[in-house]
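**Student:** Structure below; questions to follow.
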Amino acid sequence: MVFRGAAAAAVYVPDEQSGRLRLSEAVEEEPGDGAAFPVSYPTSGRSAVAEAFRTGELVWSAVAEADDLAVIGSRTAREALPADGAPRTAGEWLGAAPLAAGETLMGCLAVRAPGGNGSGAEQRSFLELYADQVSMRMETEGTRGGTGTVADPGVREPGTRPESPWVDLGRMGSFTLAPVTGRIEADRQALDLLGLPEDRFDGRVETVLAQTVLEDLPALMSVLEPHAGRPCGEDLDFRVRRPDGGLRRVRLRFRVLTDDGGRPRRLLGVIAEASHLRPTGAGVPRAQRLSVALAAAATVSDVSHAVVTALRDPLGADTVVLAELHAGRLVVTGMEPHGPAVWGTWRSQWHSEWPDTSPGDLPTLEGVLSEGRTRLWASSSGLEPGLAEAGPGGLAVLPLPADGRMAGVCLLGWDEPHEFGAGERALLTSAAGLVGHALARARSHDAENEFTSILQRSLLPRALPVLPGGTAVARYLPATTGLAVGGDWYDVIPVSDRSVALVIGDVQGHSAEAATIMGQIRTGIRAYAVEGHPPDVVMSHANRLLIGLDTEAFATCCYVALDVEDGEAWVVRAGHPQPVLRAPDGATREVEAEGGPPLGVIASADFPMTALGMAPGSVLALFTDGLVESSKLHLEDGVQRVRRVLASADPGEADRTADALIGTTERREDDVALLLLRYDGLPVRPRRASWSVWRLPDAVMHARRFTARVLRSWHETRETDAILLVVSELVTNAMTHTSGEVHLNLTLAGERMRVAVSDSSPRAPVKPTGIDWEATGGRGILLVEAVCAAWGSVPLSGGKQVWGEIDLPPQHAEADAEAGAGREASWR
């Protein structure tokens with residue numbers, strides 16, 4: 001019907017002399033139902049029609065009598081409706097919407113349907129869309145109501161038309177689209193306008209798109225892929241192919257309904273015949289259509305799709321294949337119908353998901369490529385099997401030249417006998433050059449994208465480290481415009497066994513130069529952090545590094561150093577957006593960290609540090625401005641959106657939280673980088689002890705005694721000999737090969753003991769490759785390696801720290817061993 005769920009609809013137009021609204025047109029689902037609409041209404045009455053016309057607002061009413069309606073709700077009087085906005089009548093409902101052209105009211109559209117739930121969001125939206133379509137038609141056709149006298153109100157005979165200007169409501173239809181599933185539900189009027197048989201419509205978006213004229217397809221596809229940023233109502237004119245081969249122009253008015261999160265939930269559309277709006281011409285020539293489609297094709301896949309769409313259906317071909325000539329082999333990049341069963345020789349080898357073959361395997365094809373001339377066969381008899389089965393009724397082979405070489409080949413085949421007319425021959429000849437140049441351009445575009453993708457991946461961490469007491473996740477999305485590589489970066493740097501640094505930044509610009517500078521800065525910051533410098537010093541060093549690179553680019557950066565044991569963090573900013581912190585109770589706030597200027601601007605700039613406490617269960621979000629700011633999104637609004645997502649997210653699902661934050665971005669003008677840290681705290685707080693080693697002849701003995709005292713105070717008796725051996729060897733090496741202060745640090749964390757000795761020499765210890773059996777030294781590192789589960793050396797404040805970790809047996813295992821030894825002694 002003309003309105004989804006309605007039994008009848010009518011248009012009322014004003015009569016200036018009588019001061020009444022008179023019936024201009026009525027249609028009904030069953031003949032005779034429309035007789036319930038009165039011939040006219042007084043504009044000053046209490047009917048829904050008069051109320052909508054006077055107020056210019058949509059009105060919903062419960063139908064009491066045909067000519068005396070009790071108004072129960074309108075946009076200006078919602079207190080008359082129940083809480084959910086739906087009337088609770090058991091009979092019929094009536095909706096009335098004003099018809100307007102700008103500020104001028106032209107009449108009113110009324111719809112009637114059974115049931116008592118007619119004022120839901122979908123019904124209201126559909127009524128407004130229908131009113132928009134009727135208003136447009138009335139304005140175009142000049143139907144604004146008459147000026148003569150109208151007869152007294154009464155009931156007209158079924159099937160009769162009022163004697164007044166009228167609007168044909170029958171040439172409108174409606175549909176709904178679920179964006180998630182892509183399913184369409186359409187009434188029979190909509191399907192008729194689209195040229196689709198009602199009994200054979202499968203509800204797929206692709207079926208509707210297939211009816212659309214090629215040049216209008218991109219615009220219609222943008223409508224059928226709604227997003228939250230789209231206005232609530234838009235309109236679009238497009239052309240469809242009628243069953244008889246002619247063209248019909250239709251006008252689409254649509255609205256997107258969203259859920260509570262702003263995501264598209266449902267698209268409502270009303271289409272109407274619009275051939276009267278624009279004269280129908282002969283259409284764009286086929287070659288021009290192909291040219292338009294290829295101009296918009298950016299990738300090899302796009303070119304393949306454009307060729308299949310622009311040539312197969314217009315020419316009635318049964319088989320189309322596009323093959324790219326790559327490294328002496330033909331690689332099929334597009335095929336219709338899909339599947340290797342169509343091809344014989346082409347199935348001999350495979351490249352990715354498509355078959356490939358050597359031109360030498362198909363002599364006829366090789367000859368066409370060498371000649372560079374389009375060849376047509378009315379029958380494929382006599383051709384090699386690889387070509388014959390592609391077009392038994394007719395075959396066209398198009399070599400695709402580009403820049404003085406062959407980019408590939410295109411084949412079109414017909415199953416039934418096919419005669420090539422003069423116009424078709426000219427089209428195929430001209431298409432060869434168009435496709436060849438588009439294929440070469442797309443190949444270059446794909447190669448550039450692949451290069452930039454590899455470059456970007458090489459500059460960012462491949463994987464984030466596993467952190468004690470927390471989980472870090474990151475997301476990166478390149479901009480959808482321009483070069484797909486930029487200067488955004490992130491990093492997670494384990495500085496020590498209890499400290500981790502989180503870094504995020506953005507180099508000015510969106511180019512390969514910005515990405516290169518980003519890689520240098522990221523490497524420099526990582527090196528400064530691992531050396532053990534405090535956050536403000538790390539930022540100062542990075543600032544001087546960028547200034548020394550002799551570039552005009554600058555960068556923003558945020559650096560957070562976190563102690564995973566106590567949750568204390570220090571934040572340093574260089575012109576970068578503030579981080580956002582989510583507390584364990586769900587409250588969110590921006591971290592008010594005092595910041596310095598961007599890196600690379602002022603050589604002597606200071607970068608103050610701000611203290612930040614994090615309780616277990618907190619989530620810290622660091623991001624670049626691409627996530628929170630664009631030409632359509634103010635920075636403050638973007639930060640508020642991040643806070644809302646964090647507040648509603650499950651802190652235990654860091655990956656899902658990151659996806660929720662990134663997933664709300666659509667067409668991106670800038671790169672987006674996001675780094676999330678969920679801080680859990682340590683289940684068991686490590687024990688620590690440190691001692692400055694005296695430079696005395698018996699320094700090693702004092703170090704062993706200190707270690708023994710600490711182990712006794714910790715009631716730790718496991719692997720004592722191994723621990724003391726590691727202390728002896730590491731302290732001996734430091735005292736023998738370095739000068740200056742030497743410090744011993746002991747850490748007991750769970751079932752692992754860490755022994756670390758720091759000194760002032762930056763030179764790392766070297767493991768000997770061979771030792772003579774008579775040598776009295778040089779075995780210290782070998783002994784440490786033998787008894788430790790892991791060992792290593794890291795830079796530290798101009799010097800280094802050498803460490804070794806010893807696995808301790810579980811407490812119950814040690815108790816069982818002691819009990820077993822006691823039983824054995826008792827038995828003896």
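Simple scheme: letters A, B, ... for chains in structure tokens order, numbers from 1 for residues in each chain, numbers from 1 for ligands in the order shown.
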Would you pick out the contacts of Met701 in chain A at 12 Å or less, using only C-alpha atoms, so that residues sharing its chain but fewer than 5 positions from it are not included, and give the list as a PyMOL selection string?

**Tutor:** chain A and resi 693-696+706-708+724-725+727-729+731-732

**Student:** Based on the selection just made, write all heavy atoms of those residues as an mmCIF file, in the first residue's frame.

**Tutor:**
```
data_model
loop_
_atom_site.group_PDB
_atom_site.id
_atom_site.type_symbol
_atom_site.label_atom_id
_atom_site.label_comp_id
_atom_site.auth_asym_id
_atom_site.auth_seq_id
_atom_site.Cartn_x
_atom_site.Cartn_y
_atom_site.Cartn_z
ATOM 1 N N VAL A 693 78.384 -1.569 47.345
ATOM 2 C CA VAL A 693 79.554 -2.419 47.592
ATOM 3 C C VAL A 693 80.773 -1.536 47.862
ATOM 4 O O VAL A 693 81.077 -0.625 47.079
ATOM 5 C CB VAL A 693 79.810 -3.336 46.383
ATOM 6 C CG1 VAL A 693 81.011 -4.238 46.655
ATOM 7 C CG2 VAL A 693 78.576 -4.174 46.079
ATOM 8 N N TRP A 694 81.431 -1.821 48.973
ATOM 9 C CA TRP A 694 82.651 -1.057 49.315
ATOM 10 C C TRP A 694 83.811 -1.585 48.498
ATOM 11 O O TRP A 694 83.975 -2.793 48.303
ATOM 12 C CB TRP A 694 82.969 -1.203 50.814
ATOM 13 C CG TRP A 694 81.835 -0.798 51.699
ATOM 14 C CD1 TRP A 694 80.939 0.182 51.482
ATOM 15 C CD2 TRP A 694 81.501 -1.411 52.943
ATOM 16 N NE1 TRP A 694 80.046 0.266 52.513
ATOM 17 C CE2 TRP A 694 80.363 -0.714 53.451
ATOM 18 C CE3 TRP A 694 82.024 -2.451 53.714
ATOM 19 C CZ2 TRP A 694 79.770 -1.035 54.658
ATOM 20 C CZ3 TRP A 694 81.453 -2.766 54.930
ATOM 21 C CH2 TRP A 694 80.310 -2.059 55.385
ATOM 22 N N ARG A 695 84.660 -0.681 48.035
ATOM 23 C CA ARG A 695 85.837 -1.102 47.272
ATOM 24 C C ARG A 695 86.962 -1.448 48.242
ATOM 25 O O ARG A 695 87.879 -0.673 48.488
ATOM 26 C CB ARG A 695 86.266 -0.004 46.304
ATOM 27 C CG ARG A 695 85.385 0.038 45.056
ATOM 28 C CD ARG A 695 86.027 0.825 43.936
ATOM 29 N NE ARG A 695 85.280 0.654 42.687
ATOM 30 C CZ ARG A 695 85.481 -0.313 41.816
ATOM 31 N NH1 ARG A 695 86.426 -1.222 42.055
ATOM 32 N NH2 ARG A 695 84.761 -0.400 40.717
ATOM 33 N N LEU A 696 86.866 -2.645 48.791
ATOM 34 C CA LEU A 696 87.860 -3.190 49.707
ATOM 35 C C LEU A 696 88.357 -4.523 49.170
ATOM 36 O O LEU A 696 87.696 -5.153 48.332
ATOM 37 C CB LEU A 696 87.236 -3.398 51.095
ATOM 38 C CG LEU A 696 86.693 -2.138 51.795
ATOM 39 C CD1 LEU A 696 85.966 -2.529 53.067
ATOM 40 C CD2 LEU A 696 87.835 -1.174 52.101
ATOM 41 N N PHE A 706 76.028 -9.803 53.164
ATOM 42 C CA PHE A 706 74.805 -9.018 53.061
ATOM 43 C C PHE A 706 73.684 -9.865 52.443
ATOM 44 O O PHE A 706 72.538 -9.856 52.926
ATOM 45 C CB PHE A 706 75.057 -7.775 52.201
ATOM 46 C CG PHE A 706 73.795 -7.070 51.774
ATOM 47 C CD1 PHE A 706 73.082 -6.262 52.658
ATOM 48 C CD2 PHE A 706 73.293 -7.228 50.476
ATOM 49 C CE1 PHE A 706 71.923 -5.631 52.264
ATOM 50 C CE2 PHE A 706 72.130 -6.599 50.078
ATOM 51 C CZ PHE A 706 71.441 -5.792 50.976
ATOM 52 N N THR A 707 73.993 -10.604 51.383
ATOM 53 C CA THR A 707 72.989 -11.436 50.725
ATOM 54 C C THR A 707 72.454 -12.494 51.670
ATOM 55 O O THR A 707 71.239 -12.746 51.737
ATOM 56 C CB THR A 707 73.593 -12.094 49.480
ATOM 57 O OG1 THR A 707 74.089 -11.078 48.597
ATOM 58 C CG2 THR A 707 72.548 -12.929 48.747
ATOM 59 N N ALA A 708 73.353 -13.108 52.446
ATOM 60 C CA ALA A 708 72.917 -14.150 53.379
ATOM 61 C C ALA A 708 71.998 -13.576 54.446
ATOM 62 O O ALA A 708 70.998 -14.206 54.837
ATOM 63 C CB ALA A 708 74.138 -14.826 54.016
ATOM 64 N N LEU A 724 74.259 -17.163 46.133
ATOM 65 C CA LEU A 724 75.534 -16.613 46.602
ATOM 66 C C LEU A 724 76.612 -16.707 45.533
ATOM 67 O O LEU A 724 77.469 -15.820 45.420
ATOM 68 C CB LEU A 724 75.976 -17.347 47.864
ATOM 69 C CG LEU A 724 75.081 -17.139 49.099
ATOM 70 C CD1 LEU A 724 75.567 -17.988 50.267
ATOM 71 C CD2 LEU A 724 75.047 -15.665 49.491
ATOM 72 N N LEU A 725 76.581 -17.779 44.714
ATOM 73 C CA LEU A 725 77.548 -17.903 43.628
ATOM 74 C C LEU A 725 77.361 -16.788 42.603
ATOM 75 O O LEU A 725 78.342 -16.173 42.156
ATOM 76 C CB LEU A 725 77.391 -19.268 42.956
ATOM 77 C CG LEU A 725 78.230 -19.498 41.692
ATOM 78 C CD1 LEU A 725 79.721 -19.418 42.023
ATOM 79 C CD2 LEU A 725 77.900 -20.840 41.057
ATOM 80 N N VAL A 727 76.031 -13.839 43.106
ATOM 81 C CA VAL A 727 76.460 -12.588 43.728
ATOM 82 C C VAL A 727 77.986 -12.475 43.663
ATOM 83 O O VAL A 727 78.542 -11.418 43.304
ATOM 84 C CB VAL A 727 75.965 -12.514 45.180
ATOM 85 C CG1 VAL A 727 76.626 -11.339 45.909
ATOM 86 C CG2 VAL A 727 74.454 -12.362 45.220
ATOM 87 N N SER A 728 78.670 -13.553 43.975
ATOM 88 C CA SER A 728 80.136 -13.520 43.976
ATOM 89 C C SER A 728 80.682 -13.193 42.599
ATOM 90 O O SER A 728 81.568 -12.336 42.452
ATOM 91 C CB SER A 728 80.683 -14.877 44.442
ATOM 92 O OG SER A 728 80.279 -15.145 45.767
ATOM 93 N N GLU A 729 80.177 -13.860 41.572
ATOM 94 C CA GLU A 729 80.720 -13.667 40.228
ATOM 95 C C GLU A 729 80.410 -12.280 39.682
ATOM 96 O O GLU A 729 81.277 -11.637 39.080
ATOM 97 C CB GLU A 729 80.164 -14.750 39.293
ATOM 98 C CG GLU A 729 80.569 -16.156 39.670
ATOM 99 C CD GLU A 729 82.081 -16.344 39.697
ATOM 100 O OE1 GLU A 729 82.804 -15.624 38.971
ATOM 101 O OE2 GLU A 729 82.562 -17.198 40.467
ATOM 102 N N VAL A 731 79.692 -9.446 41.372
ATOM 103 C CA VAL A 731 80.411 -8.408 42.115
ATOM 104 C C VAL A 731 81.893 -8.449 41.768
ATOM 105 O O VAL A 731 82.546 -7.407 41.605
ATOM 106 C CB VAL A 731 80.183 -8.586 43.629
ATOM 107 C CG1 VAL A 731 81.105 -7.654 44.420
ATOM 108 C CG2 VAL A 731 78.735 -8.308 43.972
ATOM 109 N N THR A 732 82.464 -9.654 41.629
ATOM 110 C CA THR A 732 83.879 -9.770 41.266
ATOM 111 C C THR A 732 84.158 -9.118 39.919
ATOM 112 O O THR A 732 85.131 -8.376 39.757
ATOM 113 C CB THR A 732 84.281 -11.257 41.219
ATOM 114 O OG1 THR A 732 84.119 -11.825 42.521
ATOM 115 C CG2 THR A 732 85.734 -11.409 40.783
#
```

**Student:** Please report as CSV every residue of range 543-632 of chain A lying within 10 Å of range 666-687 of chain A, along with the nearest atom pair and their distance in Å (one decimal), using only C-alpha atoms.

**Tutor:**
```
residue,atom,partner,partner_atom,distance
A:Leu562,CA,A:Tyr679,CA,9.7
A:Asp563,CA,A:Gly681,CA,9.6
A:Val564,CA,A:Gly681,CA,6.3
A:Glu565,CA,A:Leu682,CA,6.1
A:Asp566,CA,A:Gly681,CA,7.5
A:Gly567,CA,A:Gly681,CA,7.0
A:Pro579,CA,A:Leu675,CA,9.9
A:Val580,CA,A:Leu676,CA,9.7
A:Leu581,CA,A:Leu677,CA,9.7
A:Arg582,CA,A:Arg678,CA,9.4
A:Pro584,CA,A:Tyr679,CA,9.8
A:Met614,CA,A:Tyr679,CA,7.3
A:Ala615,CA,A:Tyr679,CA,7.4
A:Pro616,CA,A:Asp680,CA,4.4
A:Gly617,CA,A:Asp680,CA,5.3
A:Ser618,CA,A:Tyr679,CA,5.5
A:Val619,CA,A:Arg678,CA,4.4
A:Leu620,CA,A:Leu677,CA,5.2
A:Ala621,CA,A:Leu676,CA,4.7
A:Leu622,CA,A:Leu675,CA,5.1
A:Phe623,CA,A:Leu674,CA,4.4
A:Thr624,CA,A:Ala673,CA,5.5
A:Asp625,CA,A:Val672,CA,7.3
A:Gly626,CA,A:Val672,CA,4.7
A:Leu627,CA,A:Val672,CA,5.4
A:Val628,CA,A:Val672,CA,8.9
A:Glu629,CA,A:Asp670,CA,9.0
A:Ser630,CA,A:Glu669,CA,6.8
A:Ser631,CA,A:Glu669,CA,8.1
```

**Student:** For Gly532 in chain A, find every residue with an atom within 10 Å (counting only C-alpha atoms), except residues of its own chain fewer than 5 positions away, and show them as a list in words.

**Tutor:** Val495, Ser496, Ser499, Ala527, Val537, Val538, Val794, Pro795, Leu796, Ser797, Gly798, Gly799 and Lys800 of chain A

**Student:** Could you write out the selected residues, including all heavy atoms, as a PDB file, in the first residue's frame?

**Tutor:**
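Done, and the output landed in part-v1.pdb:
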```pdb
ATOM      1  N   VAL A 495      61.284  -0.856  30.867  1.00  0.00           N
ATOM      2  CA  VAL A 495      62.506  -0.167  31.268  1.00  0.00           C
ATOM      3  C   VAL A 495      63.292  -1.002  32.267  1.00  0.00           C
ATOM      4  O   VAL A 495      64.517  -1.081  32.208  1.00  0.00           O
ATOM      5  CB  VAL A 495      62.167   1.216  31.852  1.00  0.00           C
ATOM      6  CG1 VAL A 495      63.419   1.928  32.329  1.00  0.00           C
ATOM      7  CG2 VAL A 495      61.444   2.062  30.806  1.00  0.00           C
ATOM      8  N   SER A 496      62.610  -1.640  33.205  1.00  0.00           N
ATOM      9  CA  SER A 496      63.246  -2.516  34.187  1.00  0.00           C
ATOM     10  C   SER A 496      62.235  -3.565  34.597  1.00  0.00           C
ATOM     11  O   SER A 496      61.150  -3.665  34.010  1.00  0.00           O
ATOM     12  CB  SER A 496      63.725  -1.705  35.399  1.00  0.00           C
ATOM     13  OG  SER A 496      62.616  -1.185  36.122  1.00  0.00           O
ATOM     14  N   SER A 499      59.375  -1.255  36.008  1.00  0.00           N
ATOM     15  CA  SER A 499      58.995  -0.007  35.364  1.00  0.00           C
ATOM     16  C   SER A 499      58.757  -0.238  33.880  1.00  0.00           C
ATOM     17  O   SER A 499      59.481  -1.002  33.228  1.00  0.00           O
ATOM     18  CB  SER A 499      60.080   1.054  35.552  1.00  0.00           C
ATOM     19  OG  SER A 499      59.711   2.261  34.910  1.00  0.00           O
ATOM     20  N   ALA A 527      65.695   4.219  23.013  1.00  0.00           N
ATOM     21  CA  ALA A 527      67.077   4.131  23.502  1.00  0.00           C
ATOM     22  C   ALA A 527      67.262   4.952  24.778  1.00  0.00           C
ATOM     23  O   ALA A 527      67.889   4.483  25.748  1.00  0.00           O
ATOM     24  CB  ALA A 527      68.034   4.599  22.417  1.00  0.00           C
ATOM     25  N   VAL A 537      63.845  13.931  31.063  1.00  0.00           N
ATOM     26  CA  VAL A 537      65.118  13.902  30.332  1.00  0.00           C
ATOM     27  C   VAL A 537      64.953  13.177  28.993  1.00  0.00           C
ATOM     28  O   VAL A 537      65.520  13.587  27.977  1.00  0.00           O
ATOM     29  CB  VAL A 537      66.210  13.229  31.190  1.00  0.00           C
ATOM     30  CG1 VAL A 537      67.516  13.107  30.410  1.00  0.00           C
ATOM     31  CG2 VAL A 537      66.432  14.018  32.470  1.00  0.00           C
ATOM     32  N   VAL A 538      64.157  12.101  28.978  1.00  0.00           N
ATOM     33  CA  VAL A 538      63.898  11.398  27.721  1.00  0.00           C
ATOM     34  C   VAL A 538      63.272  12.346  26.705  1.00  0.00           C
ATOM     35  O   VAL A 538      63.663  12.386  25.528  1.00  0.00           O
ATOM     36  CB  VAL A 538      62.978  10.183  27.974  1.00  0.00           C
ATOM     37  CG1 VAL A 538      62.519   9.581  26.647  1.00  0.00           C
ATOM     38  CG2 VAL A 538      63.696   9.128  28.796  1.00  0.00           C
ATOM     39  N   VAL A 794      71.839  -4.407  30.701  1.00  0.00           N
ATOM     40  CA  VAL A 794      71.093  -3.272  30.160  1.00  0.00           C
ATOM     41  C   VAL A 794      71.815  -1.985  30.529  1.00  0.00           C
ATOM     42  O   VAL A 794      72.454  -1.899  31.583  1.00  0.00           O
ATOM     43  CB  VAL A 794      69.650  -3.233  30.709  1.00  0.00           C
ATOM     44  CG1 VAL A 794      68.861  -4.442  30.239  1.00  0.00           C
ATOM     45  CG2 VAL A 794      69.641  -3.164  32.235  1.00  0.00           C
ATOM     46  N   PRO A 795      71.734  -0.956  29.619  1.00  0.00           N
ATOM     47  CA  PRO A 795      72.329   0.347  29.966  1.00  0.00           C
ATOM     48  C   PRO A 795      71.600   0.962  31.158  1.00  0.00           C
ATOM     49  O   PRO A 795      70.396   0.798  31.316  1.00  0.00           O
ATOM     50  CB  PRO A 795      72.118   1.179  28.699  1.00  0.00           C
ATOM     51  CG  PRO A 795      71.831   0.196  27.618  1.00  0.00           C
ATOM     52  CD  PRO A 795      71.161  -0.961  28.275  1.00  0.00           C
ATOM     53  N   LEU A 796      72.337   1.710  31.968  1.00  0.00           N
ATOM     54  CA  LEU A 796      71.737   2.324  33.144  1.00  0.00           C
ATOM     55  C   LEU A 796      72.538   3.556  33.527  1.00  0.00           C
ATOM     56  O   LEU A 796      73.674   3.451  34.017  1.00  0.00           O
ATOM     57  CB  LEU A 796      71.700   1.340  34.317  1.00  0.00           C
ATOM     58  CG  LEU A 796      71.056   1.857  35.603  1.00  0.00           C
ATOM     59  CD1 LEU A 796      69.579   2.134  35.391  1.00  0.00           C
ATOM     60  CD2 LEU A 796      71.230   0.851  36.738  1.00  0.00           C
ATOM     61  N   SER A 797      71.932   4.738  33.277  1.00  0.00           N
ATOM     62  CA  SER A 797      72.491   6.027  33.730  1.00  0.00           C
ATOM     63  C   SER A 797      73.962   6.174  33.368  1.00  0.00           C
ATOM     64  O   SER A 797      74.802   6.503  34.209  1.00  0.00           O
ATOM     65  CB  SER A 797      72.298   6.188  35.243  1.00  0.00           C
ATOM     66  OG  SER A 797      70.923   6.141  35.563  1.00  0.00           O
ATOM     67  N   GLY A 798      74.307   5.925  32.126  1.00  0.00           N
ATOM     68  CA  GLY A 798      75.677   6.067  31.679  1.00  0.00           C
ATOM     69  C   GLY A 798      76.535   4.849  31.927  1.00  0.00           C
ATOM     70  O   GLY A 798      77.629   4.747  31.368  1.00  0.00           O
ATOM     71  N   GLY A 799      76.053   3.935  32.732  1.00  0.00           N
ATOM     72  CA  GLY A 799      76.781   2.697  32.987  1.00  0.00           C
ATOM     73  C   GLY A 799      75.963   1.520  32.493  1.00  0.00           C
ATOM     74  O   GLY A 799      75.345   1.562  31.435  1.00  0.00           O
ATOM     75  N   LYS A 800      75.950   0.464  33.300  1.00  0.00           N
ATOM     76  CA  LYS A 800      75.167  -0.718  32.909  1.00  0.00           C
ATOM     77  C   LYS A 800      74.744  -1.459  34.161  1.00  0.00           C
ATOM     78  O   LYS A 800      75.232  -1.209  35.287  1.00  0.00           O
ATOM     79  CB  LYS A 800      76.013  -1.643  32.030  1.00  0.00           C
ATOM     80  CG  LYS A 800      77.178  -2.326  32.744  1.00  0.00           C
ATOM     81  CD  LYS A 800      77.885  -3.300  31.858  1.00  0.00           C
ATOM     82  CE  LYS A 800      79.073  -3.955  32.569  1.00  0.00           C
ATOM     83  NZ  LYS A 800      80.112  -3.011  33.000  1.00  0.00           N
TER      84      LYS A 800
END
```

**Student:** Using only C-alpha atoms, which of A:Gly740, A:Gly45, A:Gly575, A:Gly56 sits nearest Phe607 in chain A?

**Tutor:**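 Distance minimum relative to Phe607 in chain A lands on A:Gly575.
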
**Student:** Run DSSP on the backbone of this structure and report the residues of range 429-561 of chain A it assigns to strand (DSSP E), as a VMD selection string.

**Tutor:** chain A and resid 470 to 477 488 to 494 499 to 507 555 to 561

**Student:** Using DSSP on the backbone coordinates, identify all residues within range 392-620 of chain A classified as alpha helix (DSSP H); present the result as a ChimeraX atom specification.

**Tutor:** /A:422-459,512-530,535-548
